[in-house]
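Below is one structure, written out as structure tokens; the observations come after it.
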Amino acid sequence: MRSYQPDLTPPWKRSAPVPEVPAEPDLVVEEVSTGFCGAVIRCEKTAQGPTVTLEDRFGKHRVFPMEPRGFLLEGRVVTLVRPAAAAPARPARTASGSVAVPGARARVARAGRIYVEGRHDAELVERVWGDDLRIEGVVVEYLEGVDDLPGIVRAFSPGPDARLGVLVDHLVPGSKESRIAERAAQADVLVVGHPYIDVWEAVKPSSVGIPAWPAVPRGQDWKTGVCRALGWPENTGAAWQRILSSVRSYRDLEPSLLGSVEHLIDFVTAPVER
């Protein structure tokens with residue numbers, strides 16, 4: 001009969017237990033030994049034991065063994081484990097959170113439009129709401145600024161069958177943008193916006209991997225100033241691609257932008273009252 005052997009390891013040398021976390025798809029963790037940070041893509045069972053594949057924000061994949069205490073989740077050490085058997089499949093979701101419609105064909109474009117200020121705004125809207133917009137037949141165009149918005153609205157000739165929605169950056173009381181929006185507003189035109197100087201700021205800093213968007217002194221180009229403050233190369237095109245690649249779904253965007261875009265889509269797709 002085996003005699004009981006007490007654990008004589010001093011308490012301060014014993015490893016504290018850590019939580020076990022299922023490696024669900026899209027869970028973002030950091031591997032402790034390499035510092036590689038990424039979202040869970042898949043788990044696999046191998047001869048050497050279970051592994052997890054992570055994808056970083058640049059699209060790079062790496063495979064790691066699911067060892068005890070092998071990962072950090074929001075700064076805490078955890079042990080990743082294989083997820084439980086999948087429950088009955090729920091409806092797939094688009095990046096905007098809408099229920100996906102498998103095999104749906106794009107609708108013929110409506111006469112109505114959504115205008116945004118610049119190319120970056122248009123690319124961000126496409127990344128999150130692109131599937132929804134194609135099903136609804138809504139085209140998004142960019143203006144390269146809103147200084148001539150009243151003239152653009154007149155040229156568009158909006159009406160009940162051709163509503164126009166406009167997304168404006170830095171739409172806050174007393175701003176130049178708010179005064180332009182007031183002049184452009186009419187029954188079949190909706191102008192909404194967000195409070196940020198540029199749509200870059202509408203992406204959550206945590207999604208980009210930064211603590212916060214830096215304050216840029218007045219008189220300095222904002223995007224260049226952001227790159228400089230963050231220690232990024234002063235190439236705003238490359239910086240934007242880095243930011244855009246960090247956006248996987250609506251969860252990566254600030255609520256003020258989400259509400260504005262959803263409002264515009266509802267406005268231009270609302271049924272016409274006869």
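Letters A, B, ... go to the chains of the structure tokens in the order shown; residues in each chain start at 1; ligands are counted from 1 in the same order.
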
For stretch 234-248 of chain A: contacts at 8 Å, only C-alpha atoms, fewer than 5 positions along chain excluded, given as a ChimeraX atom specification:
/A:57-58,95,120,124,127-128,200,203,207-208,223-224,227-228,253

Would you kindly return, as a compact mmCIF listing (two decimals) with C-alpha atoms, in the first residue's frame, each protein, DNA or RNA residue with an atom no farther than 10 Å from any atom of stretch 64-67 of chain A, considering only C-alpha atoms and excluding same-chain residues fewer than 6 positions away?
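This went into selection-v5.txt:
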# COMPACT_ATOMS: atom_id res chain seq x y z
CA ALA A 23 -10.14 28.34 -28.10
CA GLU A 31 1.46 33.28 -27.12
CA PHE A 36 2.75 36.54 -31.26
CA CYS A 43 -7.80 23.93 -33.40
CA GLU A 44 -6.42 20.60 -34.57
CA LYS A 45 -5.59 17.26 -32.97
CA THR A 46 -2.08 16.07 -33.89
CA GLN A 48 2.12 15.60 -30.67
CA GLY A 49 -1.03 16.95 -29.02
CA PRO A 50 -3.62 19.65 -29.75
CA THR A 51 -2.55 22.78 -31.60
CA VAL A 52 -4.12 26.17 -32.27
CA THR A 53 -3.62 28.37 -35.34
CA LEU A 54 -3.54 32.14 -34.80
CA VAL A 78 -4.58 31.14 -19.42
CA THR A 79 -4.56 27.58 -20.71
CA LEU A 80 -6.29 27.18 -24.05
CA VAL A 81 -8.40 24.05 -24.47
CA ARG A 82 -10.31 22.64 -27.41

Determine which residues of stretch 153-194 of chain A receive a DSSP assignment of strand (DSSP E), computed from the backbone, and state them as a list of chain:residue names.
A:Leu164, A:Gly165, A:Val166, A:Leu167, A:Val168, A:Val189, A:Leu190, A:Val191, A:Val192, A:Gly193

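Counting from atom CA of A:Leu230, the distance to atom CA of A:Trp213 is 8.6 Å.
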
Residues of stretch 85-243 of chain A in alpha helix (DSSP H) according to DSSP, as a short mmCIF file (atom, residue, chain, number, x, y, z; two decimals) with N, CA, C and O atoms, in the first residue's frame?
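For reference, result-v4.cif as written:
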data_model
loop_
_atom_site.label_atom_id
_atom_site.label_comp_id
_atom_site.auth_asym_id
_atom_site.auth_seq_id
_atom_site.Cartn_x
_atom_site.Cartn_y
_atom_site.Cartn_z
N ARG A 119 -12.13 58.28 -49.61
CA ARG A 119 -11.93 56.88 -49.98
C ARG A 119 -11.83 55.99 -48.75
O ARG A 119 -12.33 54.87 -48.75
N HIS A 120 -11.17 56.47 -47.69
CA HIS A 120 -11.03 55.65 -46.50
C HIS A 120 -12.39 55.38 -45.86
O HIS A 120 -12.66 54.26 -45.41
N ASP A 121 -13.26 56.39 -45.85
CA ASP A 121 -14.62 56.20 -45.32
C ASP A 121 -15.34 55.12 -46.14
O ASP A 121 -15.99 54.24 -45.58
N ALA A 122 -15.22 55.22 -47.47
CA ALA A 122 -15.91 54.27 -48.34
C ALA A 122 -15.38 52.85 -48.13
O ALA A 122 -16.16 51.89 -48.10
N GLU A 123 -14.08 52.70 -47.97
CA GLU A 123 -13.50 51.36 -47.78
C GLU A 123 -13.92 50.76 -46.44
O GLU A 123 -14.16 49.54 -46.34
N LEU A 124 -14.04 51.60 -45.42
CA LEU A 124 -14.46 51.10 -44.11
C LEU A 124 -15.92 50.68 -44.14
O LEU A 124 -16.29 49.61 -43.61
N VAL A 125 -16.77 51.48 -44.78
CA VAL A 125 -18.19 51.12 -44.90
C VAL A 125 -18.33 49.82 -45.70
O VAL A 125 -19.11 48.93 -45.33
N GLU A 126 -17.58 49.67 -46.75
CA GLU A 126 -17.63 48.45 -47.57
C GLU A 126 -17.19 47.24 -46.75
O GLU A 126 -17.79 46.17 -46.83
N ARG A 127 -16.16 47.40 -45.93
CA ARG A 127 -15.63 46.26 -45.19
C ARG A 127 -16.66 45.71 -44.19
O ARG A 127 -16.76 44.50 -44.00
N VAL A 128 -17.42 46.60 -43.57
CA VAL A 128 -18.36 46.16 -42.54
C VAL A 128 -19.76 45.94 -43.09
O VAL A 128 -20.44 44.98 -42.73
N TRP A 129 -20.21 46.82 -43.98
CA TRP A 129 -21.60 46.76 -44.45
C TRP A 129 -21.73 46.32 -45.91
O TRP A 129 -22.82 46.36 -46.46
N GLY A 130 -20.64 45.91 -46.55
CA GLY A 130 -20.67 45.60 -47.97
C GLY A 130 -21.72 44.57 -48.35
O GLY A 130 -22.47 44.76 -49.33
N ASP A 131 -21.83 43.47 -47.60
CA ASP A 131 -22.81 42.43 -47.93
C ASP A 131 -24.23 42.99 -47.84
O ASP A 131 -25.07 42.72 -48.71
N ASP A 132 -24.51 43.76 -46.80
CA ASP A 132 -25.84 44.34 -46.62
C ASP A 132 -26.17 45.30 -47.75
O ASP A 132 -27.30 45.30 -48.28
N LEU A 133 -25.20 46.13 -48.12
CA LEU A 133 -25.44 47.14 -49.16
C LEU A 133 -25.73 46.49 -50.51
O LEU A 133 -26.58 46.96 -51.27
N ARG A 134 -25.04 45.40 -50.82
CA ARG A 134 -25.28 44.73 -52.12
C ARG A 134 -26.67 44.10 -52.15
O ARG A 134 -27.36 44.16 -53.18
N ILE A 135 -27.09 43.50 -51.04
CA ILE A 135 -28.43 42.91 -51.00
C ILE A 135 -29.50 43.99 -51.14
O ILE A 135 -30.52 43.79 -51.78
N GLU A 136 -29.24 45.16 -50.54
CA GLU A 136 -30.22 46.25 -50.60
C GLU A 136 -30.09 47.08 -51.89
O GLU A 136 -30.94 47.93 -52.17
N LEU A 149 -21.05 70.43 -50.64
CA LEU A 149 -22.15 69.49 -50.47
C LEU A 149 -23.50 70.05 -50.93
O LEU A 149 -24.25 69.34 -51.61
N PRO A 150 -23.86 71.29 -50.62
CA PRO A 150 -25.16 71.79 -51.10
C PRO A 150 -25.29 71.73 -52.62
O PRO A 150 -26.35 71.35 -53.14
N GLY A 151 -24.23 72.06 -53.35
CA GLY A 151 -24.27 71.98 -54.81
C GLY A 151 -24.38 70.55 -55.29
O GLY A 151 -25.08 70.25 -56.27
N ILE A 152 -23.69 69.64 -54.61
CA ILE A 152 -23.75 68.22 -54.98
C ILE A 152 -25.16 67.68 -54.77
O ILE A 152 -25.69 66.92 -55.60
N VAL A 153 -25.79 68.10 -53.69
CA VAL A 153 -27.17 67.66 -53.42
C VAL A 153 -28.11 68.17 -54.51
O VAL A 153 -28.96 67.43 -55.02
N ARG A 154 -27.96 69.44 -54.90
CA ARG A 154 -28.83 69.99 -55.95
C ARG A 154 -28.64 69.22 -57.26
O ARG A 154 -29.61 68.91 -57.96
N ALA A 155 -27.40 68.89 -57.59
CA ALA A 155 -27.14 68.17 -58.84
C ALA A 155 -27.71 66.75 -58.79
O ALA A 155 -28.14 66.21 -59.82
N PHE A 156 -27.75 66.15 -57.61
CA PHE A 156 -28.28 64.80 -57.47
C PHE A 156 -29.80 64.77 -57.65
O PHE A 156 -30.37 63.78 -58.09
N LYS A 176 -17.43 73.71 -39.03
CA LYS A 176 -17.70 74.03 -40.43
C LYS A 176 -18.58 72.97 -41.06
O LYS A 176 -19.52 73.28 -41.81
N GLU A 177 -18.33 71.71 -40.72
CA GLU A 177 -19.11 70.61 -41.28
C GLU A 177 -20.58 70.70 -40.89
O GLU A 177 -21.47 70.40 -41.69
N SER A 178 -20.86 71.12 -39.65
CA SER A 178 -22.26 71.20 -39.21
C SER A 178 -22.99 72.31 -39.95
O SER A 178 -24.18 72.16 -40.28
N ARG A 179 -22.30 73.42 -40.25
CA ARG A 179 -22.95 74.51 -40.99
C ARG A 179 -23.24 74.08 -42.43
O ARG A 179 -24.29 74.41 -42.98
N ILE A 180 -22.32 73.34 -43.04
CA ILE A 180 -22.55 72.85 -44.40
C ILE A 180 -23.71 71.86 -44.41
O ILE A 180 -24.57 71.88 -45.31
N ALA A 181 -23.76 70.98 -43.40
CA ALA A 181 -24.84 69.99 -43.33
C ALA A 181 -26.20 70.66 -43.22
O ALA A 181 -27.18 70.21 -43.83
N GLU A 182 -26.28 71.74 -42.45
CA GLU A 182 -27.55 72.46 -42.30
C GLU A 182 -28.02 73.02 -43.64
O GLU A 182 -29.21 72.99 -43.96
N ARG A 183 -27.09 73.52 -44.45
CA ARG A 183 -27.47 74.10 -45.75
C ARG A 183 -27.90 73.02 -46.74
O ARG A 183 -28.68 73.28 -47.65
N ALA A 184 -27.39 71.80 -46.56
CA ALA A 184 -27.69 70.73 -47.52
C ALA A 184 -28.95 69.96 -47.17
O ALA A 184 -29.51 69.27 -48.03
N PRO A 205 -9.24 51.81 -30.75
CA PRO A 205 -7.79 51.66 -30.57
C PRO A 205 -7.38 50.23 -30.21
O PRO A 205 -6.36 49.74 -30.68
N SER A 206 -8.18 49.57 -29.39
CA SER A 206 -7.83 48.20 -28.98
C SER A 206 -7.77 47.26 -30.17
O SER A 206 -6.99 46.30 -30.19
N SER A 207 -8.60 47.50 -31.19
CA SER A 207 -8.58 46.65 -32.38
C SER A 207 -7.32 46.88 -33.20
O SER A 207 -6.79 45.96 -33.83
N VAL A 208 -6.82 48.11 -33.19
CA VAL A 208 -5.61 48.45 -33.94
C VAL A 208 -4.36 48.03 -33.18
O VAL A 208 -3.29 47.90 -33.76
N TRP A 222 -3.31 65.81 -39.70
CA TRP A 222 -3.71 64.89 -38.64
C TRP A 222 -3.18 63.48 -38.88
O TRP A 222 -2.62 62.86 -37.97
N LYS A 223 -3.32 62.96 -40.07
CA LYS A 223 -2.90 61.58 -40.33
C LYS A 223 -1.39 61.42 -40.19
O LYS A 223 -0.91 60.45 -39.61
N THR A 224 -0.65 62.39 -40.73
CA THR A 224 0.81 62.34 -40.58
C THR A 224 1.19 62.44 -39.12
O THR A 224 2.10 61.73 -38.65
N GLY A 225 0.49 63.30 -38.38
CA GLY A 225 0.77 63.45 -36.96
C GLY A 225 0.50 62.17 -36.18
O GLY A 225 1.23 61.84 -35.24
N VAL A 226 -0.55 61.45 -36.56
CA VAL A 226 -0.85 60.17 -35.91
C VAL A 226 0.29 59.19 -36.15
O VAL A 226 0.75 58.52 -35.23
N CYS A 227 0.71 59.08 -37.40
CA CYS A 227 1.82 58.15 -37.71
C CYS A 227 3.06 58.50 -36.90
O CYS A 227 3.73 57.62 -36.35
N ARG A 228 3.36 59.79 -36.83
CA ARG A 228 4.55 60.24 -36.11
C ARG A 228 4.45 59.91 -34.63
O ARG A 228 5.39 59.40 -34.01
N ALA A 229 3.27 60.18 -34.04
CA ALA A 229 3.10 59.95 -32.61
C ALA A 229 3.15 58.47 -32.25
O ALA A 229 3.60 58.10 -31.17
N LEU A 230 2.67 57.62 -33.17
CA LEU A 230 2.66 56.18 -32.90
C LEU A 230 3.96 55.48 -33.30
O LEU A 230 4.10 54.28 -33.08
N THR A 236 0.78 57.54 -44.98
CA THR A 236 -0.61 57.43 -44.53
C THR A 236 -1.38 56.33 -45.27
O THR A 236 -2.30 55.74 -44.70
N GLY A 237 -1.00 56.05 -46.51
CA GLY A 237 -1.66 54.96 -47.23
C GLY A 237 -1.40 53.62 -46.57
O GLY A 237 -2.32 52.82 -46.37
N ALA A 238 -0.13 53.36 -46.22
CA ALA A 238 0.21 52.11 -45.55
C ALA A 238 -0.40 52.06 -44.15
O ALA A 238 -0.85 50.99 -43.70
N ALA A 239 -0.45 53.21 -43.48
CA ALA A 239 -1.05 53.25 -42.14
C ALA A 239 -2.52 52.89 -42.22
O ALA A 239 -3.04 52.14 -41.38
N TRP A 240 -3.22 53.41 -43.24
CA TRP A 240 -4.63 53.11 -43.36
C TRP A 240 -4.86 51.62 -43.63
O TRP A 240 -5.78 51.01 -43.07
N GLN A 241 -4.04 51.01 -44.45
CA GLN A 241 -4.18 49.57 -44.70
C GLN A 241 -3.97 48.77 -43.42
O GLN A 241 -4.65 47.76 -43.18
N ARG A 242 -3.06 49.24 -42.59
CA ARG A 242 -2.83 48.58 -41.30
C ARG A 242 -4.09 48.70 -40.43
O ARG A 242 -4.50 47.73 -39.78
N ILE A 243 -4.69 49.88 -40.42
CA ILE A 243 -5.90 50.10 -39.62
C ILE A 243 -7.06 49.29 -40.18
O ILE A 243 -7.78 48.60 -39.44
#

Any idea what's packed within 12 Å of A:Gly75, counting only C-alpha atoms, ignoring anything in its chain fewer than 6 positions away? Could you give it as a ChimeraX atom specification?
/A:28-32,35,37

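Minimum distance to A:Ala202 across A:Val146, A:Val261, A:Val21, A:Leu190 (counting only C-alpha atoms) occurs at A:Val261.
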
Nearest residue to A:Gly193 from the set A:Asp148, A:Asp56, A:Asp252, A:Asp169 (distances using only C-alpha atoms)
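Between A:Asp148, A:Asp56, A:Asp252, A:Asp169, the residue approaching A:Gly193 most closely is A:Asp169.
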
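You can rank A:Arg69, A:Val272, A:Ala47, A:Asp26 by their closest distance to A:Ser249 using only C-alpha atoms, and at the top of that list sits A:Asp26.
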
Could you name the residues that touch A:Ser260 at 9 Å or less, counting only C-alpha atoms, but leaving out those on the same chain fewer than 4 positions away, as a ChimeraX atom specification?
/A:167,192-194,255-256,264-265

Could you state the separation of atom CA of A:Arg163 and atom CA of A:Tyr142 in Å, given to one decimal place?
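One can read the atom CA of A:Arg163 to atom CA of A:Tyr142 distance as 16.0 Å.
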
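Picture a line from atom CA of A:Ala111 to atom CA of A:Leu164; it runs 8.9 Å.
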
Neighbour list for A:Gly165 as a short mmCIF file (atom, residue, chain, number, x, y, z; two decimals) with C-alpha atoms, in the first residue's frame, cut-off 7 Å, only C-alpha atoms, skip fewer than 5 positions in-chain:
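Result written to around_33.cif:
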data_model
loop_
_atom_site.label_atom_id
_atom_site.label_comp_id
_atom_site.auth_asym_id
_atom_site.auth_seq_id
_atom_site.Cartn_x
_atom_site.Cartn_y
_atom_site.Cartn_z
CA ARG A 113 -27.13 56.76 -52.79
CA ILE A 114 -24.95 57.10 -49.73
CA TYR A 115 -22.15 59.64 -50.00
CA VAL A 189 -31.64 64.12 -47.76
CA LEU A 190 -30.23 62.85 -44.47
CA VAL A 191 -26.86 64.14 -43.28
CA LEU A 264 -28.31 56.08 -43.47
CA VAL A 268 -32.25 55.28 -48.28
#
